[in-house]
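**Student:** Quick one, work19.pdb (PDB, C-alpha atoms):
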MODEL        1
ATOM      1  CA  MET A  85     -11.198 -55.162  87.187  1.00  0.00           C
ATOM      2  CA  PHE A  86     -11.805 -53.315  90.467  1.00  0.00           C
ATOM      3  CA  ARG A  87      -9.470 -51.028  92.393  1.00  0.00           C
ATOM      4  CA  ARG A  88      -9.827 -52.163  95.966  1.00  0.00           C
ATOM      5  CA  GLY A  89      -9.066 -50.044  98.946  1.00  0.00           C
ATOM      6  CA  VAL A  90      -7.539 -47.114  97.077  1.00  0.00           C
ATOM      7  CA  LYS A  91      -7.041 -44.685  99.936  1.00  0.00           C
ATOM      8  CA  LYS A  92      -8.243 -41.123  99.494  1.00  0.00           C
ATOM      9  CA  SER A  93      -9.194 -38.537 102.044  1.00  0.00           C
ATOM     10  CA  GLY A  94     -12.899 -38.505 102.859  1.00  0.00           C
ATOM     11  CA  LYS A  95     -15.562 -40.012 105.031  1.00  0.00           C
ATOM     12  CA  ILE A  96     -15.366 -43.592 106.225  1.00  0.00           C
ATOM     13  CA  ILE A  97     -18.342 -45.824 105.490  1.00  0.00           C
ATOM     14  CA  GLU A  98     -19.652 -48.364 107.988  1.00  0.00           C
ATOM     15  CA  LEU A  99     -21.994 -51.075 106.743  1.00  0.00           C
ATOM     16  CA  SER A 100     -23.914 -53.035 109.374  1.00  0.00           C
ATOM     17  CA  LEU A 101     -25.744 -56.258 108.594  1.00  0.00           C
ATOM     18  CA  VAL A 102     -29.136 -55.749 110.229  1.00  0.00           C
ATOM     19  CA  GLU A 103     -31.014 -58.680 108.676  1.00  0.00           C
ATOM     20  CA  SER A 104     -29.849 -61.958 107.135  1.00  0.00           C
ATOM     21  CA  PRO A 105     -31.242 -65.443 106.470  1.00  0.00           C
ATOM     22  CA  SER A 106     -27.938 -67.002 107.611  1.00  0.00           C
ATOM     23  CA  ALA A 107     -27.391 -68.055 111.207  1.00  0.00           C
ATOM     24  CA  LEU A 108     -24.305 -65.844 111.528  1.00  0.00           C
ATOM     25  CA  PRO A 109     -24.131 -63.160 114.215  1.00  0.00           C
ATOM     26  CA  ALA A 110     -24.581 -59.562 113.102  1.00  0.00           C
ATOM     27  CA  SER A 111     -21.564 -58.188 111.256  1.00  0.00           C
ATOM     28  CA  SER A 112     -20.272 -54.788 110.305  1.00  0.00           C
ATOM     29  CA  TRP A 113     -17.561 -53.500 108.008  1.00  0.00           C
ATOM     30  CA  GLU A 114     -15.718 -50.179 108.033  1.00  0.00           C
ATOM     31  CA  PHE A 115     -13.924 -48.874 104.954  1.00  0.00           C
ATOM     32  CA  PRO A 116     -11.915 -45.790 104.055  1.00  0.00           C
ATOM     33  CA  PRO A 117     -12.638 -44.170 100.683  1.00  0.00           C
ATOM     34  CA  GLY A 118     -11.979 -46.680  97.902  1.00  0.00           C
ATOM     35  CA  GLU A 119     -13.826 -49.361  95.958  1.00  0.00           C
ATOM     36  CA  TYR A 120     -15.226 -52.562  97.463  1.00  0.00           C
ATOM     37  CA  VAL A 121     -17.164 -55.570  96.156  1.00  0.00           C
ATOM     38  CA  LEU A 122     -20.115 -57.121  97.974  1.00  0.00           C
ATOM     39  CA  GLY A 123     -21.227 -60.691  97.313  1.00  0.00           C
ATOM     40  CA  ARG A 124     -21.057 -64.414  98.108  1.00  0.00           C
ATOM     41  CA  ASN A 125     -17.616 -65.027  96.571  1.00  0.00           C
ATOM     42  CA  PRO A 126     -14.936 -65.518  99.272  1.00  0.00           C
ATOM     43  CA  THR A 127     -12.793 -62.899  97.495  1.00  0.00           C
ATOM     44  CA  CYS A 128     -15.381 -60.165  98.120  1.00  0.00           C
ATOM     45  CA  ASP A 129     -14.573 -57.358 100.529  1.00  0.00           C
ATOM     46  CA  ILE A 130     -18.078 -57.647 102.017  1.00  0.00           C
ATOM     47  CA  LEU A 131     -18.866 -61.367 102.204  1.00  0.00           C
ATOM     48  CA  LEU A 132     -22.525 -62.290 102.684  1.00  0.00           C
ATOM     49  CA  LEU A 133     -23.387 -65.961 103.142  1.00  0.00           C
ATOM     50  CA  ASP A 134     -26.878 -65.514 101.756  1.00  0.00           C
ATOM     51  CA  PRO A 135     -27.771 -67.908  98.896  1.00  0.00           C
ATOM     52  CA  THR A 136     -29.926 -65.174  97.299  1.00  0.00           C
ATOM     53  CA  VAL A 137     -26.878 -62.881  96.968  1.00  0.00           C
ATOM     54  CA  SER A 138     -24.891 -63.205  93.721  1.00  0.00           C
ATOM     55  CA  ARG A 139     -21.202 -64.110  93.820  1.00  0.00           C
ATOM     56  CA  LEU A 140     -20.297 -60.570  92.707  1.00  0.00           C
ATOM     57  CA  HIS A 141     -23.462 -58.699  93.613  1.00  0.00           C
ATOM     58  CA  ALA A 142     -22.620 -54.991  93.870  1.00  0.00           C
ATOM     59  CA  ARG A 143     -19.765 -52.557  94.237  1.00  0.00           C
ATOM     60  CA  ILE A 144     -19.574 -49.730  96.725  1.00  0.00           C
ATOM     61  CA  PHE A 145     -17.174 -46.925  95.913  1.00  0.00           C
ATOM     62  CA  TYR A 146     -16.126 -43.390  96.820  1.00  0.00           C
ATOM     63  CA  SER A 147     -16.011 -40.729  94.127  1.00  0.00           C
ATOM     64  CA  GLU A 148     -15.910 -36.920  94.236  1.00  0.00           C
ATOM     65  CA  GLY A 149     -16.595 -36.755  97.962  1.00  0.00           C
ATOM     66  CA  GLU A 150     -19.558 -39.159  97.989  1.00  0.00           C
ATOM     67  CA  TRP A 151     -20.214 -42.895  98.430  1.00  0.00           C
ATOM     68  CA  PHE A 152     -22.081 -44.806  95.714  1.00  0.00           C
ATOM     69  CA  ILE A 153     -23.384 -48.326  95.105  1.00  0.00           C
ATOM     70  CA  GLU A 154     -23.859 -50.069  91.764  1.00  0.00           C
ATOM     71  CA  ASP A 155     -25.481 -53.429  91.068  1.00  0.00           C
ATOM     72  CA  LEU A 156     -23.151 -55.716  89.087  1.00  0.00           C
ATOM     73  CA  GLY A 157     -25.877 -57.529  87.139  1.00  0.00           C
ATOM     74  CA  SER A 158     -26.964 -59.618  90.124  1.00  0.00           C
ATOM     75  CA  THR A 159     -29.686 -62.237  89.783  1.00  0.00           C
ATOM     76  CA  ASN A 160     -31.984 -60.808  92.471  1.00  0.00           C
ATOM     77  CA  GLY A 161     -31.167 -57.098  92.172  1.00  0.00           C
ATOM     78  CA  THR A 162     -30.235 -54.471  94.736  1.00  0.00           C
ATOM     79  CA  ARG A 163     -32.553 -52.031  96.506  1.00  0.00           C
ATOM     80  CA  VAL A 164     -31.506 -48.785  98.158  1.00  0.00           C
ATOM     81  CA  ASP A 165     -34.098 -47.122 100.378  1.00  0.00           C
ATOM     82  CA  ASP A 166     -36.854 -49.241  98.767  1.00  0.00           C
ATOM     83  CA  VAL A 167     -35.831 -48.361  95.180  1.00  0.00           C
ATOM     84  CA  GLU A 168     -34.524 -51.042  92.780  1.00  0.00           C
ATOM     85  CA  ILE A 169     -31.184 -49.886  91.332  1.00  0.00           C
ATOM     86  CA  LYS A 170     -30.276 -52.822  89.059  1.00  0.00           C
ATOM     87  CA  GLY A 171     -29.447 -51.472  85.609  1.00  0.00           C
ATOM     88  CA  LYS A 172     -29.523 -47.838  86.761  1.00  0.00           C
ATOM     89  CA  GLY A 173     -25.774 -47.298  87.197  1.00  0.00           C
ATOM     90  CA  PRO A 174     -24.230 -45.856  90.359  1.00  0.00           C
ATOM     91  CA  VAL A 175     -26.612 -44.555  93.037  1.00  0.00           C
ATOM     92  CA  LYS A 176     -25.526 -42.159  95.790  1.00  0.00           C
ATOM     93  CA  LEU A 177     -25.704 -43.482  99.347  1.00  0.00           C
ATOM     94  CA  LYS A 178     -26.900 -41.353 102.271  1.00  0.00           C
ATOM     95  CA  ASP A 179     -26.209 -41.680 105.970  1.00  0.00           C
ATOM     96  CA  GLY A 180     -28.856 -44.139 107.190  1.00  0.00           C
ATOM     97  CA  SER A 181     -29.553 -45.683 103.757  1.00  0.00           C
ATOM     98  CA  LYS A 182     -30.772 -49.286 103.778  1.00  0.00           C
ATOM     99  CA  ILE A 183     -29.331 -51.598 101.137  1.00  0.00           C
ATOM    100  CA  VAL A 184     -31.200 -54.824 100.369  1.00  0.00           C
ATOM    101  CA  VAL A 185     -29.264 -57.554  98.558  1.00  0.00           C
ATOM    102  CA  GLY A 186     -31.021 -60.881  98.278  1.00  0.00           C
ATOM    103  CA  LYS A 187     -32.631 -61.409 101.681  1.00  0.00           C
ATOM    104  CA  SER A 188     -29.938 -59.468 103.540  1.00  0.00           C
ATOM    105  CA  VAL A 189     -30.243 -55.873 104.704  1.00  0.00           C
ATOM    106  CA  LEU A 190     -27.313 -53.529 105.319  1.00  0.00           C
ATOM    107  CA  GLN A 191     -27.486 -50.114 107.034  1.00  0.00           C
ATOM    108  CA  VAL A 192     -25.116 -47.304 105.991  1.00  0.00           C
ATOM    109  CA  LYS A 193     -23.416 -44.992 108.462  1.00  0.00           C
ATOM    110  CA  PHE A 194     -20.762 -42.383 107.684  1.00  0.00           C
ATOM    111  CA  LYS A 195     -17.960 -41.533 110.101  1.00  0.00           C
TER
ENDMDL
END
As structure tokens - that is how I would like this structure written.
**Tutor:**
Amino acid sequence: MFRRGVKKSGKIIELSLVESPSALPASSWEFPPGEYVLGRNPTCDILLLDPTVSRLHARIFYSEGEWFIEDLGSTNGTRVDDVEIKGKGPVKLKDGSKIVVGKSVLQVKFK
């Protein structure tokens, strides 16, 4: 279904968990260009233990020199920089973008 971690040349994305309803310490993930799934399912590349996050909530992927995010039909939707993206297809991410999934907030940084 998804091609995970397909290495290409390009900018690395770092996602930092800046807000979460879970009692876990802050987390961050760093990925080379590829395709990654975010959600509650233990098989997800970006695992969020937030009950308001769907099992397979969104995918983050690199295409044509840019990073994108797409909601995967989640129950509670996905917001990027205060805009709901559910049902809108892939949305380009910017350095500093804030992604809200359920009650969790992730900050984007490019390296």
**Student:** I'd like the contact shell of region 147-153 of chain A - 9 Å cut-off, only C-alpha atoms, skipping same-chain residues fewer than 6 positions apart - returned as JSON, numbers by chain.
**Tutor:** {"A": [93, 94, 95, 97, 117, 118, 164, 169, 173, 174, 175, 176, 177, 178]}
**Student:** Using the chain letters and numbering of this document, enumerate as a PDB file with C-alpha atoms, in the frame of the given file the residues selected by the PyMOL selection byres ((chain A and resi 160) around 7).
**Tutor:**
ATOM      1  CA  THR A 136     -29.926 -65.174  97.299  1.00  0.00           C
ATOM      2  CA  SER A 158     -26.964 -59.618  90.124  1.00  0.00           C
ATOM      3  CA  THR A 159     -29.686 -62.237  89.783  1.00  0.00           C
ATOM      4  CA  GLY A 161     -31.167 -57.098  92.172  1.00  0.00           C
ATOM      5  CA  THR A 162     -30.235 -54.471  94.736  1.00  0.00           C
ATOM      6  CA  GLY A 186     -31.021 -60.881  98.278  1.00  0.00           C
TER       7      GLY A 186
END
**Student:** Take CA of Tyr146 (chain A) and CA of Lys187 (chain A) and report the distance between them in Å, one decimal.
**Tutor:**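 These atoms are spaced 24.9 Å apart.
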**Student:** I'd like the neighbourhood of Ile183 (chain A) as a ChimeraX atom specification, where a residue qualifies if any of its atoms comes within 6 Å (using only C-alpha atoms), though same-chain residues fewer than 6 positions away should be ignored.
**Tutor:** /A:163-164,189-190
**Student:** So, counting only C-alpha atoms, which residue among A:Asp179, A:Glu154, A:Asp134, A:Asp165 is closest to Glu103 (chain A)?
**Tutor:**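 Counting only C-alpha atoms, the residue closest to Glu103 (chain A) is A:Asp134.
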**Student:** Need the shell around Val137 (chain A): protein/DNA/RNA residues with any atom at most 7 Å away, counting all atoms listed in the file. Skip same-chain ones fewer than 6 positions apart. Format as a count of residues only?
**Tutor:** 4
**Student:** Name every residue that the PyMOL selection byres ((chain A and resi 140) around 9) selects in this structure, writing the answer as a count of residues only with chains first and numbers rising.
**Tutor:** 16
**Student:** Which residue out of A:Val167, A:Ile96, A:Ile130, A:Ile144 has the minimum interatomic distance to Val184 (chain A) when all atoms listed in the file are used?
**Tutor:**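 Closest residue, counting all atoms listed in the file: A:Val167.
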**Student:** The centre and edge lengths of an axis-aligned box containing all atoms of region 166-181 of chain A present in the file, extended by 8 Å on each side, are to be given in Å to one decimal, as JSON.
**Tutor:**
{"center_x": -30.5, "center_y": -47.1, "center_z": 96.4, "size_x": 28.6, "size_y": 27.5, "size_z": 37.6}
**Student:** Which distance in Å separates CA of Pro135 (chain A) and CA of Asp166 (chain A), to one decimal?
**Tutor:**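 CA of Asp166 (chain A) lies 20.8 Å from CA of Pro135 (chain A).
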**Student:** Would you mind listing what lies within 9 Å of Leu101 (chain A) as a PyMOL selection string, with all atoms listed in the file counted and same-chain residues fewer than 3 positions away left out?
**Tutor:** chain A and resi 104+110-113+188-191
